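> Mind looking over this structure? Questions follow.
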Number of protein chains: 2
Amino acid sequence: MKKINGELKQIKQCPESFVLAVNDTLNVVSGKWKLPIISSLAFGKKRFKALEREIPKITPRMLSKELKDLEMNGIVKRTVHATIPVTVEYELTKSGESFKKVLNVMLEWGLLHRKNVMGKK
Amino acid sequence: MKKINGELKQIKQCPESFVLAVNDTLNVVSGKWKLPIISSLAFGKKRFKALEREIPKITPRMLSKELKDLEMNGIVKRTVHATIPVTVEYELTKSGESFKKVLNVMLEWGLLHRKNVMGKK
DNA sequence: GTAACTACTATACTAAAGTATAGCGCTATA
DNA sequence: TATAGCGCTATACTTTAGTATAGTAGTTAC
């Protein structure tokens, strides 16, 4: 494991770099389709068409674009198998896997927040 | 504290409701300005003009719009003081305060992820 | 009286994100 | 030979997000 404690303290003291650093993470899930894609891949590696079928209403254009984004950001790994015809598999990288815990915290907060807001109305 | 453990388990088993629930949280910080606004208010209550000055390049139109969004979502509380002229104060609600821990997890993941990605290049 | 501060709103625009529809090159099956 | 599946890409379009610029109503200071 890498040490980030020192860095964390530093960043938390500077609002500007705090916003920049959090934005890095936010960009991983920004847009309409990245979260569905990541969630789908969280259940295991999948091929292009499988993702297209699993994610309702996504177009191949968006799926292709977002997968490229996620690959460039080191969240998803793309593997081409030399079968005939070629098959392509997508899976989460280690970083992608570790992102699950961020999603879990978001999920928990979302549920609690909903209860809070509901309760006050 | 409210119990959400049962609900958590349930939602994690259904990809669709998982995505919906995480999206609830994501919408709180979506867009270019919500994160800067929340971060700024995390340091204490502020008036409109103070926020406008603290957040570089934001226009009053966007600040006003995003503050309304955040207020409607129960993240920010707006208080009008009957001074002359009126002053308006914005502050984080309890939910808004508790959102800080989501931001912290994002920050941590972002830093670790950056180290991972850098290391592999 | 004019300039400045407060907390905004209105109108018009540009840029970015997402959608719709079609088609490519390849192969296997009927 | 026609149809379907695979993994996409191209073009054109709409919708949403964000920007630029100006102005409102009230009050205070010079």
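In the structure tokens, each chain is lettered A, B, ... as it comes, each chain's residues begin at 1, and ligands are numbered from 1 in order of appearance.
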Mind fitting chain B onto chain A over all Cα atoms in sequence order and sending the result as a JSON list (two decimals) with C-alpha atoms, in the first residue's frame?


```json
[["chain", "number", "residue", "atom", "x", "y", "z"],
["B", 1, "MET", "CA", -0.04, -0.04, -0.06],
["B", 2, "LYS", "CA", 1.11, 3.43, -0.86],
["B", 3, "LYS", "CA", 1.33, 6.17, 1.71],
["B", 4, "ILE", "CA", -1.00, 9.03, 1.11],
["B", 5, "ASN", "CA", -1.62, 10.27, 4.66],
["B", 6, "GLY", "CA", 0.72, 13.23, 4.41],
["B", 7, "GLU", "CA", -0.68, 14.19, 1.06],
["B", 8, "LEU", "CA", -4.24, 13.88, 2.36],
["B", 9, "LYS", "CA", -3.60, 16.32, 5.18],
["B", 10, "GLN", "CA", -1.96, 18.78, 2.85],
["B", 11, "ILE", "CA", -4.75, 18.71, 0.29],
["B", 12, "LYS", "CA", -7.49, 19.05, 2.87],
["B", 13, "GLN", "CA", -5.98, 22.34, 3.93],
["B", 14, "CYS", "CA", -6.08, 23.84, 0.46],
["B", 15, "PRO", "CA", -9.65, 24.22, -0.85],
["B", 16, "GLU", "CA", -8.49, 24.57, -4.44],
["B", 17, "SER", "CA", -6.44, 21.41, -4.64],
["B", 18, "PHE", "CA", -9.13, 19.60, -2.65],
["B", 19, "VAL", "CA", -11.67, 20.45, -5.33],
["B", 20, "LEU", "CA", -9.28, 19.44, -8.09],
["B", 21, "ALA", "CA", -8.49, 16.10, -6.49],
["B", 22, "VAL", "CA", -12.11, 15.22, -5.80],
["B", 23, "ASN", "CA", -12.96, 16.19, -9.35],
["B", 24, "ASP", "CA", -10.49, 13.60, -10.61],
["B", 25, "THR", "CA", -12.67, 10.99, -8.97],
["B", 26, "LEU", "CA", -15.91, 12.58, -10.02],
["B", 27, "ASN", "CA", -14.87, 12.49, -13.66],
["B", 28, "VAL", "CA", -14.62, 8.72, -13.47],
["B", 29, "VAL", "CA", -18.39, 8.45, -13.04],
["B", 30, "SER", "CA", -19.55, 11.60, -14.77],
["B", 31, "GLY", "CA", -22.09, 11.32, -17.53],
["B", 32, "LYS", "CA", -25.13, 9.18, -17.99],
["B", 33, "TRP", "CA", -23.52, 5.85, -18.76],
["B", 34, "LYS", "CA", -20.28, 5.33, -16.82],
["B", 35, "LEU", "CA", -21.96, 4.22, -13.64],
["B", 36, "PRO", "CA", -24.15, 1.61, -15.37],
["B", 37, "ILE", "CA", -21.08, 0.33, -17.23],
["B", 38, "ILE", "CA", -18.93, 0.07, -14.12],
["B", 39, "SER", "CA", -21.76, -1.56, -12.20],
["B", 40, "SER", "CA", -22.27, -4.08, -14.95],
["B", 41, "LEU", "CA", -18.56, -4.92, -15.07],
["B", 42, "ALA", "CA", -18.52, -5.19, -11.29],
["B", 43, "PHE", "CA", -20.28, -8.51, -11.76],
["B", 44, "GLY", "CA", -17.51, -9.84, -13.98],
["B", 45, "LYS", "CA", -15.88, -9.43, -17.37],
["B", 46, "LYS", "CA", -18.18, -8.88, -20.30],
["B", 47, "ARG", "CA", -18.07, -8.57, -24.06],
["B", 48, "PHE", "CA", -19.23, -5.53, -25.99],
["B", 49, "LYS", "CA", -22.53, -6.99, -27.09],
["B", 50, "ALA", "CA", -23.22, -8.37, -23.64],
["B", 51, "LEU", "CA", -22.82, -4.89, -22.15],
["B", 52, "GLU", "CA", -25.00, -3.45, -24.87],
["B", 53, "ARG", "CA", -27.72, -5.94, -24.02],
["B", 54, "GLU", "CA", -27.41, -5.51, -20.27],
["B", 55, "ILE", "CA", -27.54, -1.74, -20.21],
["B", 56, "PRO", "CA", -30.98, -0.66, -21.33],
["B", 57, "LYS", "CA", -31.16, 2.01, -24.03],
["B", 58, "ILE", "CA", -27.44, 2.56, -24.46],
["B", 59, "THR", "CA", -26.34, 3.03, -28.06],
["B", 60, "PRO", "CA", -23.16, 1.38, -29.41],
["B", 61, "ARG", "CA", -21.75, 4.86, -29.98],
["B", 62, "MET", "CA", -22.02, 5.81, -26.33],
["B", 63, "LEU", "CA", -20.90, 2.41, -25.08],
["B", 64, "SER", "CA", -17.82, 2.55, -27.30],
["B", 65, "LYS", "CA", -17.01, 6.12, -26.30],
["B", 66, "GLU", "CA", -17.43, 5.58, -22.58],
["B", 67, "LEU", "CA", -15.46, 2.33, -22.62],
["B", 68, "LYS", "CA", -12.60, 4.20, -24.29],
["B", 69, "ASP", "CA", -12.79, 6.92, -21.65],
["B", 70, "LEU", "CA", -12.77, 4.37, -18.86],
["B", 71, "GLU", "CA", -9.89, 2.51, -20.47],
["B", 72, "MET", "CA", -7.85, 5.70, -20.82],
["B", 73, "ASN", "CA", -8.52, 6.49, -17.18],
["B", 74, "GLY", "CA", -7.29, 3.08, -16.08],
["B", 75, "ILE", "CA", -10.66, 1.86, -14.80],
["B", 76, "VAL", "CA", -11.35, -0.72, -17.45],
["B", 77, "LYS", "CA", -9.10, -3.15, -19.28],
["B", 78, "ARG", "CA", -9.81, -4.18, -22.86],
["B", 79, "THR", "CA", -8.65, -7.53, -24.16],
["B", 80, "VAL", "CA", -8.91, -8.66, -27.77],
["B", 81, "HIS", "CA", -9.03, -12.40, -28.32],
["B", 82, "ALA", "CA", -7.80, -13.73, -31.66],
["B", 83, "THR", "CA", -10.87, -15.83, -32.22],
["B", 84, "ILE", "CA", -12.80, -15.81, -35.47],
["B", 85, "PRO", "CA", -14.48, -13.43, -35.49],
["B", 86, "VAL", "CA", -12.53, -11.46, -32.89],
["B", 87, "THR", "CA", -14.10, -11.14, -29.49],
["B", 88, "VAL", "CA", -13.32, -8.32, -27.13],
["B", 89, "GLU", "CA", -13.57, -8.52, -23.39],
["B", 90, "TYR", "CA", -13.86, -5.68, -20.94],
["B", 91, "GLU", "CA", -13.13, -5.95, -17.24],
["B", 92, "LEU", "CA", -12.41, -3.69, -14.30],
["B", 93, "THR", "CA", -8.78, -3.00, -13.46],
["B", 94, "LYS", "CA", -7.55, -3.08, -9.88],
["B", 95, "SER", "CA", -8.36, 0.60, -9.63],
["B", 96, "GLY", "CA", -11.76, -0.10, -11.09],
["B", 97, "GLU", "CA", -12.36, -2.79, -8.50],
["B", 98, "SER", "CA", -11.30, -0.49, -5.70],
["B", 99, "PHE", "CA", -13.75, 2.09, -6.96],
["B", 100, "LYS", "CA", -16.53, -0.12, -5.64],
["B", 101, "LYS", "CA", -15.88, 1.16, -2.14],
["B", 102, "VAL", "CA", -16.47, 4.73, -3.32],
["B", 103, "LEU", "CA", -19.76, 3.62, -4.79],
["B", 104, "ASN", "CA", -20.71, 1.92, -1.55],
["B", 105, "VAL", "CA", -20.12, 5.08, 0.47],
["B", 106, "MET", "CA", -22.22, 7.00, -2.03],
["B", 107, "LEU", "CA", -24.95, 4.42, -1.74],
["B", 108, "GLU", "CA", -24.98, 4.60, 2.05],
["B", 109, "TRP", "CA", -25.00, 8.38, 2.12],
["B", 110, "GLY", "CA", -27.77, 8.47, -0.46],
["B", 111, "LEU", "CA", -30.00, 6.17, 1.56],
["B", 112, "LEU", "CA", -29.43, 8.02, 4.82],
["B", 113, "HIS", "CA", -29.90, 11.38, 3.14],
["B", 114, "ARG", "CA", -33.16, 10.29, 1.63],
["B", 115, "LYS", "CA", -34.39, 9.21, 5.07],
["B", 116, "ASN", "CA", -33.34, 12.54, 6.57],
["B", 117, "VAL", "CA", -35.05, 14.59, 3.90],
["B", 118, "MET", "CA", -38.20, 12.49, 3.96],
["B", 119, "GLY", "CA", -38.37, 12.70, 7.74],
["B", 120, "LYS", "CA", -38.35, 16.47, 7.73],
["B", 121, "LYS", "CA", -41.21, 16.93, 5.28]]
```

> Quick one: residues within 12 Å of D:DA2, only C-alpha atoms (C1' of nucleotides) counted, chain neighbours fewer than 2 positions away excluded, as a count of residues only?

3

> I'd like to know which residues of stretch 40-85 of chain A are strand (DSSP E) (by DSSP, run on the backbone); could you write them as an mmCIF file with N, CA and C atoms, in the first residue's frame?


```cif
data_model
loop_
_atom_site.group_PDB
_atom_site.id
_atom_site.type_symbol
_atom_site.label_atom_id
_atom_site.label_comp_id
_atom_site.auth_asym_id
_atom_site.auth_seq_id
_atom_site.Cartn_x
_atom_site.Cartn_y
_atom_site.Cartn_z
ATOM 1 N N LYS A 46 -17.141 -8.823 -19.357
ATOM 2 C CA LYS A 46 -18.239 -8.902 -20.325
ATOM 3 C C LYS A 46 -17.753 -8.502 -21.710
ATOM 4 N N ARG A 47 -18.449 -9.016 -22.717
ATOM 5 C CA ARG A 47 -18.149 -8.591 -24.083
ATOM 6 C C ARG A 47 -19.008 -7.394 -24.469
ATOM 7 N N VAL A 76 -10.950 0.433 -16.712
ATOM 8 C CA VAL A 76 -11.382 -0.750 -17.451
ATOM 9 C C VAL A 76 -10.229 -1.255 -18.311
ATOM 10 N N LYS A 77 -10.148 -2.595 -18.424
ATOM 11 C CA LYS A 77 -9.125 -3.202 -19.281
ATOM 12 C C LYS A 77 -9.809 -3.880 -20.457
ATOM 13 N N ARG A 78 -9.289 -3.650 -21.642
ATOM 14 C CA ARG A 78 -9.855 -4.190 -22.870
ATOM 15 C C ARG A 78 -8.926 -5.272 -23.397
ATOM 16 N N THR A 79 -9.486 -6.447 -23.643
ATOM 17 C CA THR A 79 -8.669 -7.549 -24.155
ATOM 18 C C THR A 79 -9.279 -8.094 -25.429
ATOM 19 N N VAL A 80 -8.462 -8.138 -26.479
ATOM 20 C CA VAL A 80 -8.917 -8.673 -27.759
ATOM 21 C C VAL A 80 -8.447 -10.114 -27.869
ATOM 22 N N HIS A 81 -9.380 -11.021 -28.116
ATOM 23 C CA HIS A 81 -9.006 -12.423 -28.290
ATOM 24 C C HIS A 81 -8.966 -12.755 -29.773
#
```

> Enumerate as a ChimeraX atom specification all residues of stretch 36-108 of chain A assigned to helix (DSSP H, G or I) by DSSP on the backbone, naming them with the chain letters and numbers the document uses.

/A:36-41,48-54,60-72,94-108

> Hey, can you check how far atom C1' of D:DC30 sits from atom C1' of C:DT9?

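Separation between atom C1' of D:DC30 and atom C1' of C:DT9: 29.1 Å.
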
> Find the residues near C:DA17: any atom within 9 Å, counting only C-alpha atoms (C1' of nucleotides), skip ones fewer than 4 places away on the same chain, and give them as an MDAnalysis selection string.

(chainID A and resid 31) or (chainID D and resid 15:17)
